[in-house]
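For reference, protein19.cif (mmCIF, C-alpha atoms (C1' of nucleotides)):
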```cif
data_start
#
loop_
_atom_site.label_atom_id
_atom_site.label_comp_id
_atom_site.auth_asym_id
_atom_site.auth_seq_id
_atom_site.Cartn_x
_atom_site.Cartn_y
_atom_site.Cartn_z
CA MET A 228 27.96 -17.42 34.30
CA ASN A 229 24.56 -16.68 35.64
CA VAL A 230 22.20 -16.48 32.75
CA VAL A 231 18.79 -17.90 33.62
CA ASN A 232 18.24 -16.79 37.18
CA GLU A 233 15.61 -14.43 38.46
CA SER A 234 17.78 -12.31 40.75
CA PRO A 235 16.36 -8.95 41.80
CA ARG A 236 19.42 -7.36 40.26
CA ARG A 237 18.51 -8.82 36.91
CA LYS A 238 14.98 -7.48 37.22
CA GLU A 239 16.28 -4.00 37.85
CA LEU A 240 18.67 -4.25 34.91
CA THR A 241 15.78 -5.40 32.74
CA ARG A 242 13.77 -2.35 33.73
CA LEU A 243 16.62 -0.02 32.82
CA ALA A 244 17.16 -1.81 29.55
CA ALA A 245 13.51 -1.36 28.62
CA GLN A 246 13.85 2.37 29.04
CA LEU A 247 16.91 2.55 26.83
CA PHE A 248 15.34 0.32 24.19
CA VAL A 249 12.40 2.70 23.98
CA GLN A 250 14.60 5.79 23.80
CA GLU A 251 17.04 4.48 21.22
CA GLY A 252 15.62 1.33 19.74
CA PHE A 253 17.12 -2.10 20.29
CA ASP A 254 19.72 -2.04 17.53
CA ARG A 255 21.02 1.43 18.34
CA THR A 256 21.33 0.58 22.01
CA THR A 257 24.86 -0.74 22.49
CA VAL A 258 25.92 -3.02 25.29
CA ARG A 259 28.17 -0.18 26.45
CA MET A 260 25.18 2.15 26.76
CA LEU A 261 23.25 -0.47 28.66
CA ALA A 262 26.18 -1.08 30.99
CA GLN A 263 26.69 2.62 31.68
CA GLU A 264 23.01 3.11 32.47
CA MET A 265 23.31 0.23 34.90
CA GLY A 266 26.46 1.61 36.49
CA ILE A 267 28.70 -1.26 35.45
CA LYS A 268 31.15 -2.00 32.64
CA SER A 269 30.06 -3.64 29.43
CA GLY A 270 31.82 -6.90 30.17
CA SER A 271 29.93 -7.36 33.42
CA LEU A 272 26.68 -7.36 31.52
CA PHE A 273 27.33 -10.84 30.27
CA HIS A 274 27.35 -12.16 33.78
CA HIS A 275 23.61 -11.47 33.98
CA PHE A 276 22.56 -12.15 30.39
CA ARG A 277 23.90 -14.64 27.90
CA ASP A 278 23.82 -12.10 25.11
CA LYS A 279 22.15 -8.89 24.03
CA GLN A 280 19.12 -10.66 22.63
CA GLU A 281 18.42 -12.25 25.98
CA ILE A 282 18.02 -8.78 27.46
CA LEU A 283 15.39 -7.99 24.86
CA ALA A 284 13.60 -11.24 25.59
CA ALA A 285 13.68 -10.52 29.33
CA VAL A 286 12.15 -7.09 28.79
CA ILE A 287 9.31 -8.42 26.69
CA GLU A 288 8.66 -11.41 28.91
CA GLU A 289 8.40 -9.21 31.97
CA GLY A 290 5.87 -6.92 30.29
CA THR A 291 3.72 -9.68 28.86
CA GLN A 292 3.72 -11.61 32.12
CA ASN A 293 2.49 -8.52 33.96
CA ALA A 294 -0.22 -7.91 31.40
CA LEU A 295 -1.48 -11.46 31.83
CA THR A 296 -1.51 -11.19 35.61
CA ILE A 297 -3.32 -7.86 35.64
CA ALA A 298 -5.89 -8.98 33.09
CA ARG A 299 -6.68 -12.21 34.93
CA HIS A 300 -7.00 -10.36 38.19
CA ALA A 301 -9.29 -7.75 36.64
CA LEU A 302 -11.55 -10.43 35.20
CA GLU A 303 -11.90 -12.06 38.61
CA GLU A 304 -12.69 -8.81 40.38
CA CYS A 305 -15.30 -7.41 38.02
CA GLY A 306 -18.92 -8.45 37.81
CA ASP A 307 -20.01 -11.09 35.35
CA THR A 308 -22.06 -9.02 32.91
CA ALA A 309 -20.56 -8.92 29.44
CA GLU A 310 -20.24 -5.16 29.59
CA ALA A 311 -18.45 -5.16 32.93
CA ARG A 312 -16.00 -7.78 31.70
CA LEU A 313 -15.33 -5.90 28.49
CA HIS A 314 -14.73 -2.73 30.43
CA ALA A 315 -12.48 -4.48 32.93
CA MET A 316 -10.42 -5.98 30.15
CA ALA A 317 -10.00 -2.67 28.32
CA CYS A 318 -9.06 -0.94 31.57
CA ALA A 319 -6.54 -3.60 32.44
CA HIS A 320 -5.02 -3.37 28.99
CA LEU A 321 -4.60 0.39 29.16
CA GLU A 322 -3.39 0.25 32.73
CA THR A 323 -0.58 -2.17 31.94
CA LEU A 324 0.21 -0.27 28.75
CA LEU A 325 0.72 2.75 30.97
CA THR A 326 2.53 1.40 34.00
CA ASP A 327 4.74 -0.98 32.03
CA ARG A 328 4.84 1.36 29.08
CA ASN A 329 8.49 0.81 28.24
CA ALA A 330 8.24 -2.94 28.15
CA HIS A 331 5.14 -2.87 25.98
CA VAL A 332 6.50 -0.34 23.54
CA VAL A 333 9.53 -2.58 23.16
CA ALA A 334 7.28 -5.60 22.64
CA LEU A 335 5.34 -3.76 19.95
CA TYR A 336 8.29 -2.26 18.11
CA GLU A 337 11.16 -4.68 18.58
CA TRP A 338 9.39 -8.03 18.40
CA ARG A 339 11.08 -8.82 15.11
CA ARG A 340 14.55 -8.52 16.63
CA LEU A 341 13.94 -11.53 18.86
CA GLY A 342 15.74 -14.71 17.98
CA ALA A 343 13.65 -17.61 16.73
CA ALA A 344 13.73 -19.48 20.04
CA ALA A 345 12.76 -16.51 22.18
CA ARG A 346 10.07 -15.49 19.72
CA ASP A 347 8.60 -18.94 19.91
CA HIS A 348 8.44 -18.94 23.67
CA LEU A 349 7.05 -15.43 23.92
CA SER A 350 4.39 -15.86 21.30
CA HIS A 351 2.83 -18.53 23.49
CA LEU A 352 2.63 -16.01 26.30
CA ARG A 353 1.13 -13.46 23.97
CA ASP A 354 -1.36 -15.96 22.60
CA ALA A 355 -2.52 -16.69 26.14
CA TYR A 356 -3.17 -13.00 26.61
CA GLU A 357 -5.01 -12.59 23.34
CA ALA A 358 -7.12 -15.64 24.17
CA LEU A 359 -8.46 -13.73 27.17
CA TRP A 360 -9.53 -10.95 24.83
CA GLU A 361 -11.22 -13.24 22.37
CA GLN A 362 -13.09 -14.93 25.18
CA VAL A 363 -14.41 -11.65 26.56
CA ILE A 364 -15.38 -10.50 23.09
CA ASP A 365 -17.18 -13.75 22.45
CA GLU A 366 -19.21 -13.17 25.58
CA ALA A 367 -20.06 -9.66 24.44
CA LEU A 368 -21.16 -10.99 21.07
CA ASP A 369 -23.31 -13.68 22.66
CA ALA A 370 -24.90 -11.13 24.96
CA GLY A 371 -25.77 -9.00 21.92
CA LEU A 372 -23.72 -6.16 23.33
CA ILE A 373 -21.74 -5.82 20.11
CA HIS A 374 -22.10 -7.20 16.62
CA GLY A 375 -19.82 -8.39 13.88
CA ASP A 376 -17.13 -10.93 13.19
CA ARG A 377 -15.35 -12.06 16.36
CA PHE A 378 -11.97 -12.19 14.67
CA LEU A 379 -12.25 -8.76 13.13
CA VAL A 380 -13.75 -7.13 16.19
CA SER A 381 -10.99 -8.35 18.45
CA ARG A 382 -8.29 -7.20 16.03
CA PHE A 383 -9.89 -3.79 15.67
CA VAL A 384 -10.21 -3.36 19.40
CA MET A 385 -6.66 -4.42 20.11
CA GLY A 386 -5.44 -2.14 17.36
CA ALA A 387 -7.28 0.83 18.79
CA LEU A 388 -5.95 0.10 22.27
CA ASN A 389 -2.35 -0.62 21.32
CA TRP A 390 -2.21 2.48 19.16
CA THR A 391 -2.69 4.54 22.31
CA VAL A 392 1.00 4.18 23.17
CA ARG A 393 1.70 6.49 20.24
CA TRP A 394 -0.42 9.41 21.38
CA TYR A 395 -1.59 8.95 24.96
CA ASP A 396 -0.25 11.49 27.40
CA PRO A 397 -0.39 10.32 31.03
CA GLU A 398 -0.14 13.96 32.16
CA GLY A 399 -3.20 14.94 30.16
CA PRO A 400 -6.78 15.19 31.45
CA ARG A 401 -7.90 11.77 30.21
CA LYS A 402 -7.59 8.78 32.50
CA PRO A 403 -7.22 5.22 31.21
CA GLU A 404 -10.72 4.41 32.42
CA ASP A 405 -12.06 7.30 30.34
CA LEU A 406 -10.43 5.86 27.25
CA ALA A 407 -11.82 2.42 27.96
CA HIS A 408 -15.27 3.82 28.54
CA GLU A 409 -15.22 5.88 25.37
CA LEU A 410 -13.97 2.99 23.27
CA ILE A 411 -16.71 0.69 24.51
CA ALA A 412 -19.29 3.40 23.97
CA MET A 413 -18.05 3.66 20.41
CA ILE A 414 -18.49 -0.02 19.59
CA THR A 415 -21.68 -0.81 21.51
CA PRO A 416 -24.76 0.29 19.51
CA SER A 417 -27.02 0.47 22.57
CA SER A 418 -25.14 2.85 24.81
CA HIS A 419 -25.04 6.46 23.74
CA ALA A 420 -23.34 7.67 26.85
CA GLY A 421 -21.10 10.53 25.80
CA ARG A 422 -18.82 12.14 28.29
CA MET B 147 26.81 13.87 -6.63
CA ASN B 148 23.18 13.55 -7.44
CA VAL B 149 21.25 13.60 -4.23
CA VAL B 150 17.94 15.43 -4.57
CA ASN B 151 16.71 14.39 -7.99
CA GLU B 152 13.66 12.33 -8.79
CA SER B 153 15.15 9.97 -11.35
CA PRO B 154 13.21 6.80 -12.12
CA ARG B 155 16.27 4.85 -11.05
CA ARG B 156 16.06 6.41 -7.62
CA LYS B 157 12.40 5.50 -7.35
CA GLU B 158 13.15 1.88 -8.11
CA LEU B 159 15.97 1.83 -5.58
CA THR B 160 13.64 3.32 -2.99
CA ARG B 161 11.14 0.53 -3.61
CA LEU B 162 13.80 -2.12 -3.10
CA ALA B 163 15.06 -0.40 0.02
CA ALA B 164 11.56 -0.41 1.49
CA GLN B 165 11.38 -4.16 1.09
CA LEU B 166 14.70 -4.70 2.82
CA PHE B 167 13.85 -2.30 5.63
CA VAL B 168 10.71 -4.32 6.32
CA GLN B 169 12.53 -7.64 6.24
CA GLU B 170 15.49 -6.64 8.38
CA GLY B 171 14.70 -3.33 10.01
CA PHE B 172 16.48 -0.11 9.18
CA ASP B 173 19.43 -0.48 11.51
CA ARG B 174 20.18 -4.06 10.57
CA THR B 175 20.04 -3.27 6.88
CA THR B 176 23.57 -2.36 5.83
CA VAL B 177 24.44 -0.22 2.83
CA ARG B 178 26.15 -3.30 1.42
CA MET B 179 22.92 -5.28 1.62
CA LEU B 180 21.02 -2.46 -0.03
CA ALA B 181 23.59 -2.22 -2.79
CA GLN B 182 23.56 -5.94 -3.45
CA GLU B 183 19.79 -6.00 -3.69
CA MET B 184 20.05 -3.20 -6.21
CA GLY B 185 22.73 -4.97 -8.21
CA ILE B 186 25.45 -2.41 -7.58
CA LYS B 187 28.36 -1.98 -5.18
CA SER B 188 27.98 -0.17 -1.88
CA GLY B 189 30.00 2.84 -2.98
CA SER B 190 27.70 3.51 -5.91
CA LEU B 191 24.77 3.92 -3.56
CA PHE B 192 25.98 7.32 -2.50
CA HIS B 193 25.62 8.63 -5.99
CA HIS B 194 21.83 8.39 -5.55
CA PHE B 195 21.46 9.19 -1.87
CA ARG B 196 23.45 11.51 0.33
CA ASP B 197 23.51 8.99 3.14
CA LYS B 198 21.64 6.01 4.55
CA GLN B 199 19.11 8.14 6.37
CA GLU B 200 18.09 9.80 3.14
CA ILE B 201 17.05 6.40 1.81
CA LEU B 202 14.79 5.95 4.79
CA ALA B 203 13.32 9.39 4.28
CA ALA B 204 12.73 8.66 0.60
CA VAL B 205 10.89 5.44 1.42
CA ILE B 206 8.58 7.11 3.93
CA GLU B 207 7.99 10.16 1.76
CA GLU B 208 6.99 8.00 -1.17
CA GLY B 209 4.49 6.05 0.91
CA THR B 210 2.94 9.03 2.60
CA GLN B 211 2.68 10.97 -0.66
CA ASN B 212 0.82 8.06 -2.23
CA ALA B 213 -1.53 7.78 0.71
CA LEU B 214 -2.39 11.46 0.43
CA THR B 215 -3.03 11.21 -3.31
CA ILE B 216 -5.21 8.13 -3.03
CA ALA B 217 -7.22 9.53 -0.13
CA ARG B 218 -7.88 12.85 -1.88
CA HIS B 219 -8.89 11.05 -5.01
CA ALA B 220 -11.24 8.74 -3.12
CA LEU B 221 -12.92 11.67 -1.39
CA GLU B 222 -13.57 13.34 -4.73
CA GLU B 223 -15.00 10.24 -6.32
CA CYS B 224 -17.38 9.14 -3.58
CA GLY B 225 -20.77 10.63 -2.87
CA ASP B 226 -21.17 13.34 -0.25
CA THR B 227 -23.06 11.55 2.47
CA ALA B 228 -21.11 11.23 5.68
CA GLU B 229 -21.26 7.47 5.52
CA ALA B 230 -19.99 7.27 1.95
CA ARG B 231 -17.08 9.56 2.77
CA LEU B 232 -16.19 7.61 5.87
CA HIS B 233 -16.26 4.40 3.90
CA ALA B 234 -14.22 5.86 1.07
CA MET B 235 -11.59 7.10 3.50
CA ALA B 236 -11.32 3.76 5.27
CA CYS B 237 -11.08 1.94 1.94
CA ALA B 238 -8.39 4.28 0.67
CA HIS B 239 -6.44 3.84 3.88
CA LEU B 240 -6.52 0.06 3.68
CA GLU B 241 -5.81 0.06 -0.02
CA THR B 242 -2.66 2.12 0.30
CA LEU B 243 -1.65 0.12 3.37
CA LEU B 244 -1.86 -2.94 1.14
CA THR B 245 -0.34 -1.82 -2.14
CA ASP B 246 2.41 0.29 -0.53
CA ARG B 247 2.65 -2.06 2.40
CA ASN B 248 6.44 -1.96 2.67
CA ALA B 249 6.65 1.79 2.73
CA HIS B 250 3.92 2.09 5.35
CA VAL B 251 5.35 -0.58 7.60
CA VAL B 252 8.64 1.28 7.47
CA ALA B 253 6.86 4.54 8.27
CA LEU B 254 5.15 2.96 11.26
CA TYR B 255 8.15 1.11 12.67
CA GLU B 256 11.19 3.15 11.73
CA TRP B 257 9.91 6.70 12.10
CA ARG B 258 12.17 7.29 15.10
CA ARG B 259 15.28 6.58 13.05
CA LEU B 260 14.71 9.63 10.89
CA GLY B 261 17.00 12.58 11.43
CA ALA B 262 15.48 15.71 12.92
CA ALA B 263 15.26 17.56 9.60
CA ALA B 264 13.62 14.73 7.69
CA ARG B 265 11.24 14.02 10.55
CA ASP B 266 10.20 17.64 10.53
CA HIS B 267 9.46 17.65 6.83
CA LEU B 268 7.65 14.33 6.86
CA SER B 269 5.49 15.07 9.87
CA HIS B 270 3.93 17.91 7.89
CA LEU B 271 3.00 15.44 5.19
CA ARG B 272 1.57 13.08 7.76
CA ASP B 273 -0.35 15.86 9.45
CA ALA B 274 -1.95 16.74 6.13
CA TYR B 275 -3.10 13.15 5.82
CA GLU B 276 -4.46 12.96 9.34
CA ALA B 277 -6.28 16.24 8.79
CA LEU B 278 -8.28 14.52 6.05
CA TRP B 279 -9.32 11.88 8.56
CA GLU B 280 -10.34 14.35 11.23
CA GLN B 281 -12.39 16.27 8.69
CA VAL B 282 -14.28 13.18 7.57
CA ILE B 283 -14.86 12.13 11.16
CA ASP B 284 -16.14 15.58 12.03
CA GLU B 285 -18.67 15.28 9.23
CA ALA B 286 -19.76 11.89 10.52
CA LEU B 287 -20.18 13.31 14.01
CA ASP B 288 -22.20 16.26 12.73
CA ALA B 289 -24.42 13.93 10.73
CA GLY B 290 -25.09 11.91 13.88
CA LEU B 291 -23.60 8.85 12.23
CA ILE B 292 -21.22 8.24 15.09
CA HIS B 293 -20.90 9.62 18.60
CA GLY B 294 -18.10 10.48 20.95
CA ASP B 295 -15.07 12.69 21.23
CA ARG B 296 -13.65 13.63 17.82
CA PHE B 297 -10.07 13.33 18.98
CA LEU B 298 -10.54 9.94 20.57
CA VAL B 299 -12.66 8.53 17.78
CA SER B 300 -10.12 9.44 15.12
CA ARG B 301 -7.27 7.92 17.14
CA PHE B 302 -9.20 4.74 17.77
CA VAL B 303 -10.12 4.38 14.12
CA MET B 304 -6.61 5.01 12.88
CA GLY B 305 -5.29 2.59 15.44
CA ALA B 306 -7.66 -0.14 14.34
CA LEU B 307 -6.77 0.45 10.70
CA ASN B 308 -3.02 0.72 11.10
CA TRP B 309 -2.95 -2.38 13.25
CA THR B 310 -4.14 -4.36 10.22
CA VAL B 311 -0.61 -4.43 8.83
CA ARG B 312 0.23 -6.84 11.63
CA TRP B 313 -2.38 -9.46 10.85
CA TYR B 314 -4.00 -8.83 7.49
CA ASP B 315 -3.38 -11.51 4.89
CA PRO B 316 -3.89 -10.32 1.31
CA GLU B 317 -4.24 -13.95 0.20
CA GLY B 318 -7.10 -14.55 2.65
CA PRO B 319 -10.82 -14.35 1.89
CA ARG B 320 -11.30 -10.83 3.26
CA LYS B 321 -10.97 -7.89 0.91
CA PRO B 322 -9.97 -4.41 2.10
CA GLU B 323 -13.51 -3.18 1.41
CA ASP B 324 -14.86 -5.88 3.69
CA LEU B 325 -12.64 -4.67 6.48
CA ALA B 326 -13.68 -1.08 5.96
CA HIS B 327 -17.32 -2.04 5.92
CA GLU B 328 -17.06 -4.12 9.07
CA LEU B 329 -15.16 -1.42 10.91
CA ILE B 330 -17.75 1.20 10.07
CA ALA B 331 -20.55 -1.17 11.02
CA MET B 332 -18.83 -1.60 14.35
CA ILE B 333 -18.68 2.09 15.20
CA THR B 334 -22.02 3.28 13.77
CA PRO B 335 -24.86 2.55 16.23
CA SER B 336 -27.57 2.73 13.58
CA SER B 337 -26.39 0.14 11.10
CA HIS B 338 -26.61 -3.46 12.18
CA ALA B 339 -25.55 -4.76 8.82
CA GLY B 340 -23.59 -7.92 9.42
CA ARG B 341 -21.35 -9.04 6.62
"C1'" DG C 97 35.57 15.94 -31.68
"C1'" DG C 98 36.05 17.52 -27.38
"C1'" DT C 99 33.46 18.16 -22.98
"C1'" DT C 100 30.10 17.07 -19.88
"C1'" DT C 101 27.09 14.07 -17.31
"C1'" DA C 102 25.27 9.91 -15.11
"C1'" DC C 103 26.44 5.88 -13.15
"C1'" DA C 104 29.34 2.48 -11.60
"C1'" DC C 105 33.71 0.53 -9.74
"C1'" DT C 106 37.87 -0.52 -6.39
"C1'" DA C 107 40.04 0.11 -2.26
"C1'" DG C 108 40.07 1.21 2.14
"C1'" DC C 109 39.88 4.62 6.37
"C1'" DG C 110 38.43 5.27 10.91
"C1'" DC C 111 35.41 3.77 14.04
"C1'" DT C 112 32.04 0.87 16.66
"C1'" DT C 113 30.03 -3.39 17.45
"C1'" DG C 114 28.88 -7.70 20.43
"C1'" DC C 115 31.29 -10.55 22.99
"C1'" DT C 116 35.47 -13.06 25.36
"C1'" DT C 117 39.23 -13.66 28.42
"C1'" DG C 118 41.51 -13.81 32.65
"C1'" DG C 119 41.54 -11.92 36.87
"C1'" DT C 120 40.07 -9.20 41.34
"C1'" DT C 121 36.98 -8.18 45.10
"C1'" DG C 122 34.24 -8.74 49.13
"C1'" DA C 123 30.40 -10.95 51.45
"C1'" DC C 124 29.09 -15.26 53.29
"C1'" DC C 125 29.45 -20.17 54.99
"C1'" DT C 126 31.65 -23.92 57.58
"C1'" DA D 265 41.24 -20.07 58.11
"C1'" DG D 266 40.02 -21.72 54.05
"C1'" DG D 267 36.75 -22.10 50.44
"C1'" DT D 268 32.87 -20.61 47.56
"C1'" DC D 269 30.54 -17.71 44.65
"C1'" DA D 270 28.11 -13.79 42.60
"C1'" DA D 271 29.51 -9.56 40.89
"C1'" DC D 272 32.45 -6.77 38.69
"C1'" DC D 273 36.57 -4.93 35.85
"C1'" DA D 274 40.37 -3.93 32.27
"C1'" DA D 275 41.78 -5.03 27.96
"C1'" DG D 276 41.08 -6.33 23.60
"C1'" DC D 277 39.73 -9.29 19.41
"C1'" DA D 278 37.53 -10.10 15.01
"C1'" DA D 279 34.06 -8.51 12.35
"C1'" DG D 280 31.37 -5.28 10.45
"C1'" DC D 281 29.84 -0.51 9.94
"C1'" DG D 282 28.85 4.05 7.09
"C1'" DC D 283 31.09 6.57 4.11
"C1'" DT D 284 34.98 8.72 1.03
"C1'" DA D 285 38.40 9.25 -2.61
"C1'" DG D 286 39.80 8.56 -6.90
"C1'" DT D 287 39.02 6.37 -11.34
"C1'" DG D 288 36.67 4.27 -15.54
"C1'" DT D 289 33.26 4.35 -19.16
"C1'" DA D 290 29.62 4.92 -22.24
"C1'" DA D 291 26.11 7.87 -23.82
"C1'" DA D 292 24.56 12.82 -24.58
"C1'" DC D 293 25.50 17.44 -25.83
"C1'" DC D 294 27.66 21.58 -28.13
#
```

I need this file expressed as structure tokens, please.
Amino acid sequence: MNVVNESPRRKELTRLAAQLFVQEGFDRTTVRMLAQEMGIKSGSLFHHFRDKQEILAAVIEEGTQNALTIARHALEECGDTAEARLHAMACAHLETLLTDRNAHVVALYEWRRLGAAARDHLSHLRDAYEALWEQVIDEALDAGLIHGDRFLVSRFVMGALNWTVRWYDPEGPRKPEDLAHELIAMITPSSHAGR
Amino acid sequence: MNVVNESPRRKELTRLAAQLFVQEGFDRTTVRMLAQEMGIKSGSLFHHFRDKQEILAAVIEEGTQNALTIARHALEECGDTAEARLHAMACAHLETLLTDRNAHVVALYEWRRLGAAARDHLSHLRDAYEALWEQVIDEALDAGLIHGDRFLVSRFVMGALNWTVRWYDPEGPRKPEDLAHELIAMITPSSHAGR
DNA sequence: GGTTTACACTAGCGCTTGCTTGGTTGACCT
DNA sequence: AGGTCAACCAAGCAAGCGCTAGTGTAAACC
């Protein structure tokens, strides 16, 4: 048995699984459906993953890991004004929500189906990501760019951003940067820049 | 068979089902679990509901109906300034999210499990509710209270509010009105009222 | 006093589920 | 040439699933 490797094959299978989990939901996705989508038989699945739950964990880990990478990179690239960093963070969030959409939708909707062990491990990853957000928001508060309670502001912002997966249409006229810009315009009293 | 009545018994069963659906998720909740929670045997369940999906539909309908009622009531009671109406709407939203928490969590997480017919019927209900929001936000835009794109602003606000079900602790120090107030302070450039 | 109605029960059918078992294949290494 | 190993398959098990059929019973109604 294979189980904890990082073979390219496993990565590809994880990607396919994410798509099915979004389409059908984790519970309704059977191992036979997963196997068929991957072009193998259901028994062969358990060569790559210990059990069905491990596939879910792999999907979510992949997505969260990417989000962390992208966000860290964005924060290094951007300037060091509070506004630039806030914008970079929002952009990065929307960008990863878009390109890794399947994985993130799964993370948002199927989190509760994780086993206790996997949930434990992954919530550390998620906490690391959210810490980036709170840091950037702290900076914006200190700079007087926004006002309010740091806890509440960060929750509200993350809520607004994560909710986008329910309505955002990548084919539509709005780009992720537009959304980020508009959101920041909405919460910063100084800037009245419309569109 | 009973099926489409509105007996008080059925209402109570719906409430219990909502709780289980939140705890376990719709798919993992078996008819036997539902029956046990209700103090009957699984077969008897189908005297009250045509099938399992109808239970889900009943849960969501109940929650959405309540949200509509509360929101309409709140809009009648409050004053007619744009700010008062915005605040009333946000309060009503959080209040129903709190008191009918189970039903709304189910609506948010298990919507996709609805059959096509039920989804059709319920999306009309939901649209009616969202129309209230867009109307109030339009008024706030016209009054110059907030700025930005009406579509985006309403999505962002609903996202921030709905996200509260993931972190809000009713036992904590913050009351729903506090949240509503802080959210509105965050998006209205004029008011710098802290807490 | 007989019929209806609402609600519950027992028993189980037919099917699907996640997962296991035991074995085959072909590429690669020595 | 012999051995290793990841990758896959066919077959199937035990458990659990949603749901149905047929029956019992106590209260409500005519």

Query - Within 12 Å of DT112 in chain C using only C-alpha atoms (C1' of nucleotides), minus same-chain residues under 4 positions, as a ChimeraX atom specification - result: /A:255-259 /D:279-282

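Considering all atoms listed in the file, the residue among B:Asp324, B:Glu276, B:Glu229, B:Glu317 positioned nearest to Arg301 in chain B is B:Glu276.
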
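Separating CA of His331 in chain A from CA of Phe297 in chain B is a distance of 23.3 Å.
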
The PyMOL selection byres ((chain C and resi 115) around 10) - which residues does that actually catch in the file I just gave you? List them as an mmCIF file with C-alpha atoms (C1' of nucleotides), in the frame of the given file.
```cif
data_model
loop_
_atom_site.group_PDB
_atom_site.id
_atom_site.type_symbol
_atom_site.label_atom_id
_atom_site.label_comp_id
_atom_site.auth_asym_id
_atom_site.auth_seq_id
_atom_site.Cartn_x
_atom_site.Cartn_y
_atom_site.Cartn_z
ATOM 1 C CA VAL A 258 25.920 -3.020 25.290
ATOM 2 C CA SER A 269 30.060 -3.640 29.430
ATOM 3 C CA GLY A 270 31.820 -6.900 30.170
ATOM 4 C CA PHE A 273 27.330 -10.840 30.270
ATOM 5 C CA ARG A 277 23.900 -14.640 27.900
ATOM 6 C CA ASP A 278 23.820 -12.100 25.110
ATOM 7 C CA LYS A 279 22.150 -8.890 24.030
ATOM 8 C "C1'" DT C 113 30.030 -3.390 17.450
ATOM 9 C "C1'" DG C 114 28.880 -7.700 20.430
ATOM 10 C "C1'" DT C 116 35.470 -13.060 25.360
ATOM 11 C "C1'" DC D 277 39.730 -9.290 19.410
#
```

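Set the cut-off at 10 Å, count only C-alpha atoms (C1' of nucleotides), and the residues of chain A near chain D turn out to be Met228, Asn229, Ile267, Lys268, Ser269, Gly270, Ser271, Leu272, His274 and His275 of chain A.
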
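Separating CA of Val332 in chain A from CA of Gly290 in chain A is a distance of 9.4 Å.
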
Given all atoms listed in the file, how would the per-residue table for chain B near chain A read, listing every residue at most 8 Å away with its closest atom pair and distance in Å to one decimal, sorted by chain and number, as a Markdown table?
```
| residue | atom | partner | partner_atom | distance |
| --- | --- | --- | --- | --- |
| B:Asp173 | CA | A:Asp254 | CA | 6.2 |
| B:Arg174 | CA | A:Asp254 | CA | 7.3 |
| B:Tyr255 | CA | A:Tyr336 | CA | 6.4 |
| B:Ile292 | CA | A:Met413 | CA | 7.7 |
| B:His293 | CA | A:Met413 | CA | 6.8 |
| B:Gly294 | CA | A:Gly421 | CA | 5.7 |
| B:Asp295 | CA | A:Gly421 | CA | 7.9 |
| B:Leu298 | CA | A:Leu406 | CA | 7.8 |
| B:Val299 | CA | A:Met413 | CA | 7.7 |
| B:Arg301 | CA | A:Ala387 | CA | 7.3 |
| B:Phe302 | CA | A:Ala387 | CA | 4.5 |
| B:Val303 | CA | A:Ala387 | CA | 6.5 |
| B:Met304 | CA | A:Ala387 | CA | 7.3 |
| B:Gly305 | CA | A:Ala387 | CA | 4.3 |
| B:Ala306 | CA | A:Gly386 | CA | 4.2 |
| B:Leu307 | CA | A:Phe383 | CA | 7.2 |
| B:Asn308 | CA | A:Gly386 | CA | 7.3 |
| B:Trp309 | CA | A:Gly386 | CA | 4.8 |
| B:Thr310 | CA | A:Gly386 | CA | 7.6 |
| B:Leu325 | CA | A:Leu379 | CA | 7.8 |
| B:Glu328 | CA | A:Gly375 | CA | 7.0 |
| B:Leu329 | CA | A:Phe383 | CA | 7.5 |
| B:Ala331 | CA | A:Gly375 | CA | 7.8 |
| B:Met332 | CA | A:Ile414 | CA | 5.5 |
| B:Ile333 | CA | A:Ile414 | CA | 4.9 |
| B:Thr334 | CA | A:Pro416 | CA | 7.0 |
| B:Pro335 | CA | A:Pro416 | CA | 4.0 |
| B:Ser336 | CA | A:Pro416 | CA | 7.0 |
| B:His338 | CA | A:His374 | CA | 7.4 |
| B:Gly340 | CA | A:Gly375 | CA | 5.9 |
| B:Arg341 | CA | A:Gly375 | CA | 7.4 |
```

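Distance check against Arg155 in chain B using all atoms listed in the file: of B:Ala238, B:Leu221, B:Ala203, B:Met184, the minimum falls on B:Met184.
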
**Report entry** One-decimal distance in Å that lies between CA of Arg401 in chain A and CA of Ala286 in chain B
**Finding:** 23.0 Å

Using all atoms listed in the file and a cut-off of 12 Å, which residues of chain C sit close to chain B? Please list them as a PDB file with C-alpha atoms (C1' of nucleotides), in the frame of the given file.
```pdb
ATOM      1  C1'  DT C 101      27.090  14.070 -17.310  1.00  0.00           C
ATOM      2  C1'  DA C 102      25.270   9.910 -15.110  1.00  0.00           C
ATOM      3  C1'  DC C 103      26.440   5.880 -13.150  1.00  0.00           C
ATOM      4  C1'  DA C 104      29.340   2.480 -11.600  1.00  0.00           C
ATOM      5  C1'  DC C 105      33.710   0.530  -9.740  1.00  0.00           C
ATOM      6  C1'  DT C 106      37.870  -0.520  -6.390  1.00  0.00           C
ATOM      7  C1'  DA C 107      40.040   0.110  -2.260  1.00  0.00           C
ATOM      8  C1'  DG C 108      40.070   1.210   2.140  1.00  0.00           C
TER       9       DG C 108
END
```

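Point (-15.2, -15.4, 26.8) has the following residues at most 12 Å away: Leu302, Asp307, Thr308, Ala309, Glu310, Arg312, Leu313, Met316, Glu357, Ala358, Leu359, Trp360, Glu361, Gln362, Val363, Ile364, Asp365, Glu366, Ala367, Leu368, Asp369, Ala370, Arg377 and Ser381 of chain A (atoms considered: all atoms listed in the file).
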